[in-house]
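See below for protein-v7.cif, which holds mmCIF, C-alpha atoms.
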```
data_target
#
loop_
_atom_site.label_atom_id
_atom_site.label_comp_id
_atom_site.auth_asym_id
_atom_site.auth_seq_id
_atom_site.Cartn_x
_atom_site.Cartn_y
_atom_site.Cartn_z
CA MET A 1 26.52 23.16 -25.64
CA THR A 2 26.37 19.47 -26.62
CA GLY A 3 27.59 18.53 -23.14
CA LYS A 4 24.58 20.28 -21.62
CA VAL A 5 22.22 18.55 -24.05
CA VAL A 6 23.68 15.13 -23.22
CA PHE A 7 23.48 15.87 -19.49
CA LEU A 8 19.85 17.00 -19.77
CA GLY A 9 19.01 13.94 -21.86
CA LEU A 10 20.52 11.59 -19.29
CA LEU A 11 18.80 13.43 -16.46
CA LEU A 12 15.44 13.10 -18.21
CA PHE A 13 16.08 9.40 -18.82
CA PHE A 14 16.81 8.68 -15.15
CA VAL A 15 13.86 10.72 -13.89
CA ALA A 16 11.51 8.87 -16.27
CA ALA A 17 12.94 5.48 -15.25
CA ASP A 18 12.52 6.32 -11.56
CA ALA A 19 8.94 7.51 -12.08
CA GLU A 20 8.07 4.28 -13.90
CA GLY A 21 9.46 2.16 -11.08
CA ASN A 22 7.49 4.09 -8.46
CA SER A 23 4.17 4.39 -10.27
CA GLY A 24 1.27 4.16 -7.84
CA LEU A 25 3.56 4.89 -4.90
CA LEU A 26 1.64 5.40 -1.67
CA ARG A 27 -1.92 5.56 -2.98
CA LYS A 28 -4.65 5.89 -0.37
CA PRO A 29 -7.09 2.96 -0.61
CA SER A 30 -10.80 3.51 -1.22
CA CYS A 31 -12.09 2.53 2.21
CA PRO A 32 -15.43 3.53 3.69
CA ASP A 33 -14.72 5.92 6.56
CA THR A 34 -18.04 5.80 8.34
CA GLU A 35 -18.99 2.12 8.42
CA GLU A 36 -17.36 -1.12 9.45
CA ILE A 37 -16.61 -3.55 6.63
CA MET A 38 -18.57 -6.74 7.21
CA ALA A 39 -17.30 -8.81 4.26
CA CYS A 40 -14.96 -8.50 1.29
CA PRO A 41 -15.29 -9.97 -2.19
CA LEU A 42 -13.25 -13.09 -2.87
CA ASN A 43 -11.59 -11.71 -6.00
CA LEU A 44 -7.81 -11.95 -6.13
CA ALA A 45 -6.34 -8.55 -7.01
CA PRO A 46 -3.26 -8.34 -4.76
CA VAL A 47 -2.05 -5.02 -3.41
CA CYS A 48 1.14 -4.30 -1.50
CA GLY A 49 0.59 -2.33 1.69
CA SER A 50 2.95 0.22 3.19
CA ASP A 51 3.25 -2.14 6.17
CA GLY A 52 5.09 -4.63 3.94
CA ASN A 53 2.22 -7.11 3.70
CA THR A 54 0.44 -8.35 0.58
CA TYR A 55 -3.36 -8.23 0.75
CA ALA A 56 -5.68 -10.30 -1.44
CA ASN A 57 -7.46 -7.13 -2.57
CA GLU A 58 -8.02 -3.53 -1.55
CA CYS A 59 -10.95 -4.45 0.68
CA THR A 60 -8.85 -6.79 2.85
CA LEU A 61 -6.31 -3.97 3.24
CA CYS A 62 -9.16 -1.71 4.38
CA VAL A 63 -10.23 -4.30 6.96
CA GLN A 64 -6.68 -4.37 8.33
CA ARG A 65 -6.68 -0.56 8.50
CA GLN A 66 -9.92 -0.62 10.51
CA THR A 67 -8.78 -3.44 12.78
CA THR A 68 -5.39 -1.98 13.65
CA ARG A 69 -6.41 1.68 13.30
CA THR A 70 -3.24 2.35 11.30
CA ASP A 71 -2.88 4.33 8.09
CA ILE A 72 -1.81 1.60 5.65
CA LEU A 73 -1.35 2.88 2.10
CA ILE A 74 -1.02 0.99 -1.20
CA ILE A 75 2.54 0.89 -2.51
CA LYS A 76 1.76 -1.04 -5.69
CA GLU A 77 -1.04 -2.98 -7.39
CA GLU A 78 0.65 -6.38 -7.04
CA SER A 79 2.27 -8.59 -4.43
CA CYS A 80 5.06 -7.13 -2.31
#
```

Would you mind writing the structure in this file as structure tokens?
Amino acid sequence: MTGKVVFLGLLLFFVAADAEGNSGLLRKPSCPDTEEIMACPLNLAPVCGSDGNTYANECTLCVQRQTTRTDILIIKEESC
């Protein structure tokens, strides 16, 4: 019985550690679908795109999505 408890405890530990490392994995950015983005704010809030590039903020990622017509998602809320 104690072997099962230890196994379950270790399993829970590794699942929690993996979830923490992947928090925010592949989040869809908040981009306007109907209009073209004319300008983005100059605030620095880096996001890592699923294309492997770091964008200055979510708006600049949205501009890249519109320009290339690709579905770039946010991997994490920091530089890649």

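Running the PyMOL selection byres ((chain A and resi 66) around 10) on this file leaves Cys31, Pro32, Asp33, Glu35, Glu36, Ile37, Thr60, Leu61, Cys62, Val63, Gln64, Arg65, Thr67, Thr68, Arg69, Thr70, Asp71 and Ile72 of chain A selected.
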
*Between atom CA of A:Ala39 and atom CA of A:Leu25, measure the distance and give it in Å to one decimal.*
26.6 Å

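With atom CA of A:Gly52 on one side and atom CA of A:Ser30 on the other, the separation reads 18.6 Å.
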
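Minimum atom-to-atom distance to A:Ser50, evaluated using all atoms listed in the file, belongs to A:Leu73 out of A:Arg27, A:Leu73, A:Thr34, A:Cys80.
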
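Taking atom CA of A:Lys76 as the reference point, atom CA of A:Leu42 is found at 19.5 Å.
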
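Of the residues listed (A:Cys59, A:Met38, A:Pro46, A:Asp51), A:Pro46 shows the shortest atom-to-atom separation from A:Ser79; distances use all atoms listed in the file.
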
*asked:* If we draw a sphere of 7 Å around (-5.3, -10.3, -1.2), which residues have at least one atom in it when counting all atoms listed in the file? Please report them as a PyMOL selection string.
replied: chain A and resi 44-47+54-57+60

Padding 6 Å on every side, please: axis-aligned box over the listed atoms of stretch 26-39 of chain A, centre and edge lengths to one decimal in Å, as AutoDock Vina command-line options.
```
--center_x -8.7 --center_y -1.4 --center_z 3.2 --size_x 32.6 --size_y 26.7 --size_z 24.4
```
